[in-house]
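File shown: start_33.pdb. Contents: PDB, C-alpha atoms and all ligand atoms.
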ATOM      1  CA  MET A   1      23.373 -20.365  -4.924
ATOM      2  CA  PRO A   2      20.211 -19.574  -2.871
ATOM      3  CA  LYS A   3      17.339 -17.953  -4.784
ATOM      4  CA  PRO A   4      17.238 -14.194  -4.029
ATOM      5  CA  LYS A   5      14.308 -13.174  -1.850
ATOM      6  CA  TYR A   6      11.360 -11.429  -3.478
ATOM      7  CA  ALA A   7      12.259  -7.728  -3.218
ATOM      8  CA  ILE A   8       9.567  -5.335  -2.024
ATOM      9  CA  ALA A   9       9.605  -1.543  -1.644
ATOM     10  CA  VAL A  10       7.005  -0.063   0.699
ATOM     11  CA  LEU A  11       5.901   3.564   0.434
ATOM     12  CA  ILE A  12       4.354   5.203   3.515
ATOM     13  CA  SER A  13       3.132   8.570   4.793
ATOM     14  CA  GLY A  14       1.674   7.795   8.223
ATOM     15  CA  GLY A  15       1.739   5.331  11.076
ATOM     16  CA  GLY A  16       3.132   2.586   8.875
ATOM     17  CA  SER A  17       1.037  -0.179  10.439
ATOM     18  CA  ASN A  18       0.488  -1.839   7.037
ATOM     19  CA  PHE A  19       4.221  -1.759   6.347
ATOM     20  CA  ILE A  20       4.812  -3.348   9.769
ATOM     21  CA  ALA A  21       2.144  -6.001   9.019
ATOM     22  CA  ILE A  22       3.997  -6.996   5.832
ATOM     23  CA  HIS A  23       7.328  -7.119   7.663
ATOM     24  CA  LYS A  24       5.872  -9.278  10.437
ATOM     25  CA  ALA A  25       4.221 -11.601   7.890
ATOM     26  CA  ILE A  26       7.650 -12.186   6.328
ATOM     27  CA  GLN A  27       9.221 -12.765   9.765
ATOM     28  CA  ASN A  28       6.447 -15.262  10.526
ATOM     29  CA  GLY A  29       7.187 -17.137   7.310
ATOM     30  CA  LEU A  30       4.053 -16.266   5.291
ATOM     31  CA  PHE A  31       6.288 -15.949   2.216
ATOM     32  CA  ASP A  32       9.922 -15.665   1.262
ATOM     33  CA  GLY A  33      10.501 -11.974   0.711
ATOM     34  CA  GLU A  34      12.333  -8.933   1.907
ATOM     35  CA  ILE A  35      11.394  -5.293   2.308
ATOM     36  CA  VAL A  36      14.452  -3.797   0.629
ATOM     37  CA  PHE A  37      13.540  -0.212   1.425
ATOM     38  CA  VAL A  38      10.841   2.036   2.827
ATOM     39  CA  LEU A  39      10.180   5.385   1.216
ATOM     40  CA  SER A  40       8.313   7.976   3.233
ATOM     41  CA  SER A  41       6.762  11.230   2.038
ATOM     42  CA  THR A  42       7.477  12.762   5.443
ATOM     43  CA  GLU A  43      10.129  12.526   8.140
ATOM     44  CA  LYS A  44       7.268  12.378  10.653
ATOM     45  CA  ALA A  45       5.909   9.005   9.473
ATOM     46  CA  GLY A  46       5.669   6.680  12.468
ATOM     47  CA  GLY A  47       6.848   3.720  10.397
ATOM     48  CA  LEU A  48      10.338   5.213  10.019
ATOM     49  CA  LYS A  49      11.186   4.439  13.647
ATOM     50  CA  TYR A  50      10.255   0.789  13.068
ATOM     51  CA  ALA A  51      12.356   0.747   9.878
ATOM     52  CA  THR A  52      15.369   2.092  11.768
ATOM     53  CA  GLU A  53      14.926  -0.398  14.617
ATOM     54  CA  ASN A  54      14.681  -3.250  12.123
ATOM     55  CA  GLU A  55      17.584  -2.055   9.963
ATOM     56  CA  ILE A  56      15.447  -1.583   6.873
ATOM     57  CA  PRO A  57      16.901   1.075   4.560
ATOM     58  CA  HIS A  58      14.603   4.083   4.409
ATOM     59  CA  PHE A  59      14.458   7.341   2.505
ATOM     60  CA  THR A  60      12.508  10.570   2.655
ATOM     61  CA  PRO A  61      12.952  12.501  -0.575
ATOM     62  CA  THR A  62      13.271  16.286  -0.255
ATOM     63  CA  ALA A  63      10.179  18.406  -0.996
ATOM     64  CA  ASP A  64      11.452  19.436  -4.461
ATOM     65  CA  VAL A  65      11.308  15.776  -5.585
ATOM     66  CA  PHE A  66       7.566  15.632  -4.879
ATOM     67  CA  MET A  67       6.977  18.956  -6.599
ATOM     68  CA  SER A  68       8.051  17.673 -10.005
ATOM     69  CA  GLU A  69       6.385  14.573 -11.520
ATOM     70  CA  GLN A  70       9.474  13.959 -13.634
ATOM     71  CA  LYS A  71      11.854  14.234 -10.677
ATOM     72  CA  PHE A  72       9.722  11.914  -8.579
ATOM     73  CA  ALA A  73       9.404   9.388 -11.429
ATOM     74  CA  ASN A  74      13.186   9.428 -11.913
ATOM     75  CA  TYR A  75      13.747   9.077  -8.168
ATOM     76  CA  LEU A  76      11.469   6.040  -7.974
ATOM     77  CA  LEU A  77      12.999   4.441 -11.045
ATOM     78  CA  GLU A  78      16.530   4.937  -9.719
ATOM     79  CA  LYS A  79      15.784   3.524  -6.267
ATOM     80  CA  THR A  80      13.756   0.550  -7.524
ATOM     81  CA  THR A  81      16.499  -0.271 -10.050
ATOM     82  CA  ASP A  82      19.296   0.052  -7.464
ATOM     83  CA  TYR A  83      17.483  -2.332  -5.110
ATOM     84  CA  ASN A  84      16.178  -4.734  -7.812
ATOM     85  CA  VAL A  85      12.629  -4.150  -6.583
ATOM     86  CA  GLN A  86       9.989  -6.590  -7.869
ATOM     87  CA  LEU A  87       6.908  -5.098  -6.207
ATOM     88  CA  VAL A  88       6.074  -1.584  -4.984
ATOM     89  CA  VAL A  89       3.487  -1.444  -2.196
ATOM     90  CA  LEU A  90       1.664   1.792  -1.400
ATOM     91  CA  ALA A  91       0.791   1.394   2.274
ATOM     92  CA  GLY A  92      -0.969   4.608   3.244
ATOM     93  CA  PHE A  93       1.195   6.612   0.822
ATOM     94  CA  LEU A  94      -0.511   9.919   0.119
ATOM     95  CA  LYS A  95       1.433  11.276  -2.852
ATOM     96  CA  LYS A  96       0.336  10.524  -6.403
ATOM     97  CA  ILE A  97       2.608   8.106  -8.245
ATOM     98  CA  PRO A  98       3.747   9.683 -11.536
ATOM     99  CA  ALA A  99       2.267   8.124 -14.695
ATOM    100  CA  ALA A 100       5.756   7.626 -16.151
ATOM    101  CA  PHE A 101       6.738   5.363 -13.251
ATOM    102  CA  ILE A 102       3.418   3.476 -13.408
ATOM    103  CA  SER A 103       4.070   2.586 -17.029
ATOM    104  CA  ASP A 104       7.696   1.597 -16.274
ATOM    105  CA  PHE A 105       6.511  -0.628 -13.434
ATOM    106  CA  SER A 106       3.211  -1.743 -14.916
ATOM    107  CA  GLY A 107       1.381  -4.498 -13.008
ATOM    108  CA  LYS A 108       3.875  -4.359 -10.146
ATOM    109  CA  ILE A 109       2.505  -1.504  -8.003
ATOM    110  CA  ILE A 110      -0.264  -2.217  -5.501
ATOM    111  CA  ASN A 111      -2.209  -0.001  -3.097
ATOM    112  CA  ILE A 112      -4.344  -0.579  -0.012
ATOM    113  CA  HIS A 113      -7.514   1.491   0.263
ATOM    114  CA  PRO A 114      -9.696   1.545   3.422
ATOM    115  CA  ALA A 115     -13.075   0.989   1.678
ATOM    116  CA  LEU A 116     -14.731  -1.327  -0.820
ATOM    117  CA  LEU A 117     -13.793   0.243  -4.155
ATOM    118  CA  PRO A 118     -15.204   1.639  -6.374
ATOM    119  CA  SER A 119     -17.165   3.186  -3.482
ATOM    120  CA  PHE A 120     -15.507   5.895  -1.417
ATOM    121  CA  GLY A 121     -12.364   6.204  -3.520
ATOM    122  CA  GLY A 122     -10.850   9.020  -5.561
ATOM    123  CA  LYS A 123      -9.000  12.260  -4.923
ATOM    124  CA  GLY A 124      -9.192  13.428  -1.304
ATOM    125  CA  MET A 125     -10.528  10.057  -0.130
ATOM    126  CA  TYR A 126      -7.934   8.899   2.348
ATOM    127  CA  GLY A 127      -7.806   7.933   5.996
ATOM    128  CA  ARG A 128     -10.512   9.450   8.197
ATOM    129  CA  HIS A 129     -12.308  11.121   5.255
ATOM    130  CA  VAL A 130     -13.169   7.696   3.848
ATOM    131  CA  HIS A 131     -14.677   6.380   7.085
ATOM    132  CA  GLN A 132     -16.585   9.625   7.701
ATOM    133  CA  ALA A 133     -18.089   9.388   4.190
ATOM    134  CA  VAL A 134     -19.077   5.734   4.753
ATOM    135  CA  LEU A 135     -20.843   6.672   8.011
ATOM    136  CA  ASP A 136     -22.491   9.780   6.507
ATOM    137  CA  TYR A 137     -23.890   7.632   3.695
ATOM    138  CA  GLY A 138     -25.370   5.221   6.228
ATOM    139  CA  CYS A 139     -23.565   2.151   4.839
ATOM    140  CA  LYS A 140     -24.063  -1.153   6.635
ATOM    141  CA  ILE A 141     -20.781  -2.604   5.431
ATOM    142  CA  SER A 142     -17.370  -1.217   4.594
ATOM    143  CA  GLY A 143     -14.040  -2.921   4.138
ATOM    144  CA  ALA A 144     -10.690  -2.708   2.441
ATOM    145  CA  THR A 145      -9.395  -3.190  -1.086
ATOM    146  CA  VAL A 146      -5.954  -4.116  -2.331
ATOM    147  CA  HIS A 147      -5.739  -3.086  -5.969
ATOM    148  CA  LEU A 148      -3.290  -2.666  -8.794
ATOM    149  CA  VAL A 149      -2.289   0.921  -9.344
ATOM    150  CA  ASN A 150      -3.099   2.567 -12.651
ATOM    151  CA  SER A 151      -2.919   6.227 -13.600
ATOM    152  CA  GLY A 152      -6.262   7.149 -11.932
ATOM    153  CA  TYR A 153      -7.094   7.690  -8.270
ATOM    154  CA  ASP A 154      -8.063   4.295  -6.759
ATOM    155  CA  THR A 155      -9.273   3.031 -10.159
ATOM    156  CA  GLY A 156      -7.008   0.019 -10.714
ATOM    157  CA  PRO A 157      -8.505  -3.493 -10.651
ATOM    158  CA  PRO A 158      -9.063  -5.110  -7.232
ATOM    159  CA  ILE A 159      -6.804  -7.978  -6.139
ATOM    160  CA  ILE A 160      -8.351  -8.780  -2.729
ATOM    161  CA  GLN A 161     -11.336  -7.201  -0.980
ATOM    162  CA  LYS A 162     -12.722  -7.963   2.447
ATOM    163  CA  SER A 163     -15.715  -6.474   4.226
ATOM    164  CA  VAL A 164     -16.467  -5.457   7.807
ATOM    165  CA  GLN A 165     -19.769  -4.560   9.416
ATOM    166  CA  VAL A 166     -20.628  -0.960  10.224
ATOM    167  CA  PHE A 167     -22.508  -0.405  13.497
ATOM    168  CA  VAL A 168     -24.882   2.454  14.385
ATOM    169  CA  ASP A 169     -22.646   3.861  17.097
ATOM    170  CA  ASP A 170     -19.420   3.744  15.042
ATOM    171  CA  THR A 171     -17.227   6.819  14.867
ATOM    172  CA  PRO A 172     -14.728   7.226  11.997
ATOM    173  CA  GLU A 173     -11.965   6.227  14.437
ATOM    174  CA  ILE A 174     -13.722   3.036  15.590
ATOM    175  CA  LEU A 175     -14.534   2.044  12.008
ATOM    176  CA  ALA A 176     -10.945   2.842  10.946
ATOM    177  CA  GLN A 177      -9.616   0.425  13.579
ATOM    178  CA  ARG A 178     -11.954  -2.360  12.412
ATOM    179  CA  VAL A 179     -10.959  -1.794   8.782
ATOM    180  CA  LEU A 180      -7.240  -1.521   9.618
ATOM    181  CA  LYS A 181      -7.388  -4.952  11.221
ATOM    182  CA  ILE A 182      -8.463  -6.544   7.927
ATOM    183  CA  GLU A 183      -6.005  -4.394   5.948
ATOM    184  CA  HIS A 184      -3.277  -6.093   7.979
ATOM    185  CA  GLU A 185      -4.622  -9.461   6.782
ATOM    186  CA  ILE A 186      -5.259  -8.801   3.100
ATOM    187  CA  LEU A 187      -2.226  -6.662   2.249
ATOM    188  CA  PRO A 188       0.325  -9.306   3.331
ATOM    189  CA  GLN A 189      -1.825 -11.945   1.563
ATOM    190  CA  ALA A 190      -1.700  -9.957  -1.670
ATOM    191  CA  VAL A 191       2.058  -9.396  -1.388
ATOM    192  CA  ALA A 192       2.535 -13.117  -0.721
ATOM    193  CA  ALA A 193       0.506 -13.950  -3.847
ATOM    194  CA  PHE A 194       2.821 -11.761  -5.953
ATOM    195  CA  ALA A 195       5.941 -13.187  -4.302
ATOM    196  CA  GLU A 196       4.758 -16.715  -5.046
ATOM    197  CA  ASP A 197       3.861 -15.795  -8.635
ATOM    198  CA  LYS A 198       0.219 -16.731  -8.083
ATOM    199  CA  VAL A 199      -1.344 -13.538  -9.445
ATOM    200  CA  ILE A 200      -3.042 -13.903 -12.814
ATOM    201  CA  ILE A 201      -3.941 -10.615 -14.489
ATOM    202  CA  ASN A 202      -6.504 -10.691 -17.287
ATOM    203  CA  GLY A 203      -7.467  -7.093 -17.982
ATOM    204  CA  ARG A 204      -9.481  -5.922 -14.972
ATOM    205  CA  LYS A 205      -9.995  -9.483 -13.750
ATOM    206  CA  ILE A 206      -7.340 -10.546 -11.288
ATOM    207  CA  TYR A 207      -7.175 -14.046  -9.844
ATOM    208  CA  ILE A 208      -4.958 -15.592  -7.233
ATOM    209  CA  GLY A 209      -4.146 -19.056  -8.526
TER     210      GLY A 209
HETATM  211  C1  LIG A 301      -4.644   2.874   5.944
HETATM  212  O1  LIG A 301      -5.931   2.774   6.489
HETATM  213  C2  LIG A 301      -4.731   2.888   4.425
HETATM  214  O2  LIG A 301      -5.736   2.068   3.910
HETATM  215  C3  LIG A 301      -5.032   4.343   4.184
HETATM  216  O3  LIG A 301      -4.185   5.036   5.078
HETATM  217  C4  LIG A 301      -4.012   4.224   6.246
HETATM  218  C5  LIG A 301      -2.525   4.111   6.504
HETATM  219  O4  LIG A 301      -2.304   3.456   7.723
HETATM  220  N1  LIG A 301      -4.781   4.701   2.824
HETATM  221  C6  LIG A 301      -5.564   5.555   2.163
HETATM  222  O5  LIG A 301      -6.511   6.116   2.656
HETATM  223  C7  LIG A 301      -5.166   5.764   0.707
HETATM  224  N2  LIG A 301      -6.253   6.301  -0.049
HETATM  225  P1  LIG A 301      -0.846   2.936   8.094
HETATM  226  O6  LIG A 301       0.146   4.088   7.815
HETATM  227  O7  LIG A 301      -0.944   2.640   9.552
HETATM  228  O8  LIG A 301      -0.525   1.725   7.266
END
Would you write out, as structure tokens, the structure that this file holds?
Amino acid sequence: MPKPKYAIAVLISGGGSNFIAIHKAIQNGLFDGEIVFVLSSTEKAGGLKYATENEIPHFTPTADVFMSEQKFANYLLEKTTDYNVQLVVLAGFLKKIPAAFISDFSGKIINIHPALLPSFGGKGMYGRHVHQAVLDYGCKISGATVHLVNSGYDTGPPIIQKSVQVFVDDTPEILAQRVLKIEHEILPQAVAAFAEDKVIINGRKIYIG
């Protein structure tokens, strides 16, 4: 019997370009895996169209699910169990993952953040706000971080980080595009490392073997 493919759930709230990058990496043979479902916090997420076109199951829970931590934790546990999910990827997902689900799924939830953590992370630091803060601070470099999710905001240990240069005439939008480009490299790389069982977790120190 063929080995089942590594089962990934991707959670999105926006354009879904990171979700699409993972899907394309699988299609291009970077690793043997399958996005078994996409969960969106909003019907308006651009990535849902791509999911439909590519016949990837997708769900948008009703607002009441997000209003109760317990309901959302139960929802996530039910869906990930039904689909035998091995890794949950937060790809621009803007809702907080309930602590109960994080402990159920410990070490198997990863997030992409558009800056070099621990700088420019935390509550309210998402999307354009991050790049604006990097420019306001006068940073010369920024980048992206893939990290394990723990119960804090952007506080889990880094798995892969990559930097980009910041230029004097950058706007948040221009910087976002430069950062997004490397997000599309490092997020599929991190997912591939999990799928190939190459991730070694030793407290906050994470290695790809
Ligand atoms: C990405 O830049 C991601 O790093 C960011 O949202 C964008 C989603 O883009 N996430 C955060 O800011 C989380 N704190 P996408 O929907 O096109 O993948």
Once you count only C-alpha atoms and all ligand atoms, which residues end up within 10 Å of ligand LIG 301 (chain A), and could you hand them over as an MDAnalysis selection string? chainID A and resid 11:22 45:47 90:95 111:115 120:131 143:146 153:154 176:184 187
Need to verify the contact set: segment 67-80 of chain A, 9 Å, only C-alpha atoms, exclusion of same-chain residues closer than 5 positions in sequence. Can you return it as a ChimeraX atom specification? /A:9,37,61,85-88,96-102,104-105
In Å, with one decimal, what is the gap from atom CA of Asp136 of chain A to atom CA of Glu185 of chain A?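 Going from atom CA of Asp136 of chain A over to atom CA of Glu185 of chain A, I get 26.3 Å.
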Can you pull out every residue within 9 Å of segment 24-28 of chain A, counting only C-alpha atoms, but drop anything in the same chain fewer than 4 positions away, and send it as number ranges by chain? A: 19-20, 32-35, 188-189, 192
Find the distance between atom CA of Tyr207 of chain A and atom CA of His147 of chain A and write it in Å to one decimal. 11.7 Å
What is the distance, in Å and to one decimal place, between atom CA of Ala133 of chain A and atom CA of Ile160 of chain A?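 A separation of 21.7 Å between them.
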Of the residues A:Phe194, A:Ser151, A:Leu135, A:Pro157, which is the one nearest to Asp169 of chain A, using all atoms listed in the file?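 Of the candidates, the smallest distance to Asp169 of chain A is held by A:Leu135.
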Which of these, A:Val166, A:Val36, A:Ile109, A:Ile159, has the shortest distance to Glu55 of chain A once you count only C-alpha atoms? A:Val36
What residues have an atom no more than 6 Å from (-17.0, -5.5, 1.6) in the file's own frame, counting all atoms listed in the file, and can you write them as an MDAnalysis selection string? chainID A and resid 116 142:143 162:163
Expected selection from the PyMOL selection byres (((chain A and resi 168) around 12) and not hetatm), given as a PDB file with C-alpha atoms, in the coordinates of the input:
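See selection10.pdb below for the written result:
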ATOM      1  CA  VAL A 134     -19.077   5.734   4.753  1.00  0.00           C
ATOM      2  CA  LEU A 135     -20.843   6.672   8.011  1.00  0.00           C
ATOM      3  CA  ASP A 136     -22.491   9.780   6.507  1.00  0.00           C
ATOM      4  CA  TYR A 137     -23.890   7.632   3.695  1.00  0.00           C
ATOM      5  CA  GLY A 138     -25.370   5.221   6.228  1.00  0.00           C
ATOM      6  CA  CYS A 139     -23.565   2.151   4.839  1.00  0.00           C
ATOM      7  CA  LYS A 140     -24.063  -1.153   6.635  1.00  0.00           C
ATOM      8  CA  ILE A 141     -20.781  -2.604   5.431  1.00  0.00           C
ATOM      9  CA  GLN A 165     -19.769  -4.560   9.416  1.00  0.00           C
ATOM     10  CA  VAL A 166     -20.628  -0.960  10.224  1.00  0.00           C
ATOM     11  CA  PHE A 167     -22.508  -0.405  13.497  1.00  0.00           C
ATOM     12  CA  ASP A 169     -22.646   3.861  17.097  1.00  0.00           C
ATOM     13  CA  ASP A 170     -19.420   3.744  15.042  1.00  0.00           C
ATOM     14  CA  THR A 171     -17.227   6.819  14.867  1.00  0.00           C
ATOM     15  CA  PRO A 172     -14.728   7.226  11.997  1.00  0.00           C
ATOM     16  CA  ILE A 174     -13.722   3.036  15.590  1.00  0.00           C
ATOM     17  CA  LEU A 175     -14.534   2.044  12.008  1.00  0.00           C
TER      18      LEU A 175
END
Complete segment 71-96 of chain A at the level of N, CA and C atoms, written as a PDB file, in the frame of the given file.
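out38.pdb written:
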ATOM      1  N   LYS A  71      10.818  14.507 -11.689  1.00  0.00           N
ATOM      2  CA  LYS A  71      11.854  14.234 -10.677  1.00  0.00           C
ATOM      3  C   LYS A  71      11.452  13.034  -9.821  1.00  0.00           C
ATOM      4  N   PHE A  72      10.171  13.004  -9.449  1.00  0.00           N
ATOM      5  CA  PHE A  72       9.722  11.914  -8.579  1.00  0.00           C
ATOM      6  C   PHE A  72       9.765  10.585  -9.345  1.00  0.00           C
ATOM      7  N   ALA A  73       9.356  10.611 -10.619  1.00  0.00           N
ATOM      8  CA  ALA A  73       9.404   9.388 -11.429  1.00  0.00           C
ATOM      9  C   ALA A  73      10.846   8.890 -11.540  1.00  0.00           C
ATOM     10  N   ASN A  74      11.768   9.814 -11.786  1.00  0.00           N
ATOM     11  CA  ASN A  74      13.186   9.428 -11.913  1.00  0.00           C
ATOM     12  C   ASN A  74      13.717   8.864 -10.593  1.00  0.00           C
ATOM     13  N   TYR A  75      13.311   9.502  -9.502  1.00  0.00           N
ATOM     14  CA  TYR A  75      13.747   9.077  -8.168  1.00  0.00           C
ATOM     15  C   TYR A  75      13.296   7.636  -7.913  1.00  0.00           C
ATOM     16  N   LEU A  76      12.018   7.385  -8.214  1.00  0.00           N
ATOM     17  CA  LEU A  76      11.469   6.040  -7.974  1.00  0.00           C
ATOM     18  C   LEU A  76      12.154   5.013  -8.872  1.00  0.00           C
ATOM     19  N   LEU A  77      12.372   5.384 -10.115  1.00  0.00           N
ATOM     20  CA  LEU A  77      12.999   4.441 -11.045  1.00  0.00           C
ATOM     21  C   LEU A  77      14.430   4.117 -10.594  1.00  0.00           C
ATOM     22  N   GLU A  78      15.145   5.148 -10.154  1.00  0.00           N
ATOM     23  CA  GLU A  78      16.530   4.937  -9.719  1.00  0.00           C
ATOM     24  C   GLU A  78      16.595   4.019  -8.497  1.00  0.00           C
ATOM     25  N   LYS A  79      15.747   4.312  -7.513  1.00  0.00           N
ATOM     26  CA  LYS A  79      15.784   3.524  -6.267  1.00  0.00           C
ATOM     27  C   LYS A  79      15.330   2.082  -6.515  1.00  0.00           C
ATOM     28  N   THR A  80      14.259   1.916  -7.296  1.00  0.00           N
ATOM     29  CA  THR A  80      13.756   0.550  -7.524  1.00  0.00           C
ATOM     30  C   THR A  80      14.749  -0.260  -8.370  1.00  0.00           C
ATOM     31  N   THR A  81      15.480   0.426  -9.248  1.00  0.00           N
ATOM     32  CA  THR A  81      16.499  -0.271 -10.050  1.00  0.00           C
ATOM     33  C   THR A  81      17.671  -0.649  -9.156  1.00  0.00           C
ATOM     34  N   ASP A  82      18.143   0.315  -8.351  1.00  0.00           N
ATOM     35  CA  ASP A  82      19.296   0.052  -7.464  1.00  0.00           C
ATOM     36  C   ASP A  82      19.038  -1.145  -6.545  1.00  0.00           C
ATOM     37  N   TYR A  83      17.800  -1.273  -6.089  1.00  0.00           N
ATOM     38  CA  TYR A  83      17.483  -2.332  -5.110  1.00  0.00           C
ATOM     39  C   TYR A  83      16.809  -3.548  -5.758  1.00  0.00           C
ATOM     40  N   ASN A  84      16.801  -3.602  -7.077  1.00  0.00           N
ATOM     41  CA  ASN A  84      16.178  -4.734  -7.812  1.00  0.00           C
ATOM     42  C   ASN A  84      14.767  -5.043  -7.329  1.00  0.00           C
ATOM     43  N   VAL A  85      13.979  -3.988  -7.137  1.00  0.00           N
ATOM     44  CA  VAL A  85      12.629  -4.150  -6.583  1.00  0.00           C
ATOM     45  C   VAL A  85      11.722  -4.890  -7.570  1.00  0.00           C
ATOM     46  N   GLN A  86      10.933  -5.836  -7.033  1.00  0.00           N
ATOM     47  CA  GLN A  86       9.989  -6.590  -7.869  1.00  0.00           C
ATOM     48  C   GLN A  86       8.542  -6.140  -7.656  1.00  0.00           C
ATOM     49  N   LEU A  87       8.269  -5.557  -6.495  1.00  0.00           N
ATOM     50  CA  LEU A  87       6.908  -5.098  -6.207  1.00  0.00           C
ATOM     51  C   LEU A  87       6.982  -3.820  -5.375  1.00  0.00           C
ATOM     52  N   VAL A  88       6.179  -2.825  -5.769  1.00  0.00           N
ATOM     53  CA  VAL A  88       6.074  -1.584  -4.984  1.00  0.00           C
ATOM     54  C   VAL A  88       4.719  -1.603  -4.290  1.00  0.00           C
ATOM     55  N   VAL A  89       4.730  -1.410  -2.975  1.00  0.00           N
ATOM     56  CA  VAL A  89       3.487  -1.444  -2.196  1.00  0.00           C
ATOM     57  C   VAL A  89       3.219  -0.056  -1.617  1.00  0.00           C
ATOM     58  N   LEU A  90       2.074   0.514  -1.986  1.00  0.00           N
ATOM     59  CA  LEU A  90       1.664   1.792  -1.400  1.00  0.00           C
ATOM     60  C   LEU A  90       0.857   1.465  -0.156  1.00  0.00           C
ATOM     61  N   ALA A  91       1.417   1.770   1.001  1.00  0.00           N
ATOM     62  CA  ALA A  91       0.791   1.394   2.274  1.00  0.00           C
ATOM     63  C   ALA A  91       0.481   2.682   3.038  1.00  0.00           C
ATOM     64  N   GLY A  92      -0.624   3.330   2.625  1.00  0.00           N
ATOM     65  CA  GLY A  92      -0.969   4.608   3.244  1.00  0.00           C
ATOM     66  C   GLY A  92      -0.118   5.737   2.685  1.00  0.00           C
ATOM     67  N   PHE A  93       0.358   5.583   1.446  1.00  0.00           N
ATOM     68  CA  PHE A  93       1.195   6.612   0.822  1.00  0.00           C
ATOM     69  C   PHE A  93       0.287   7.645   0.166  1.00  0.00           C
ATOM     70  N   LEU A  94       0.476   8.911   0.518  1.00  0.00           N
ATOM     71  CA  LEU A  94      -0.511   9.919   0.119  1.00  0.00           C
ATOM     72  C   LEU A  94      -0.087  10.803  -1.053  1.00  0.00           C
ATOM     73  N   LYS A  95       1.036  10.511  -1.657  1.00  0.00           N
ATOM     74  CA  LYS A  95       1.433  11.276  -2.852  1.00  0.00           C
ATOM     75  C   LYS A  95       1.038  10.482  -4.085  1.00  0.00           C
ATOM     76  N   LYS A  96       0.726  11.211  -5.165  1.00  0.00           N
ATOM     77  CA  LYS A  96       0.336  10.524  -6.403  1.00  0.00           C
ATOM     78  C   LYS A  96       1.593   9.968  -7.083  1.00  0.00           C
TER      79      LYS A  96
END
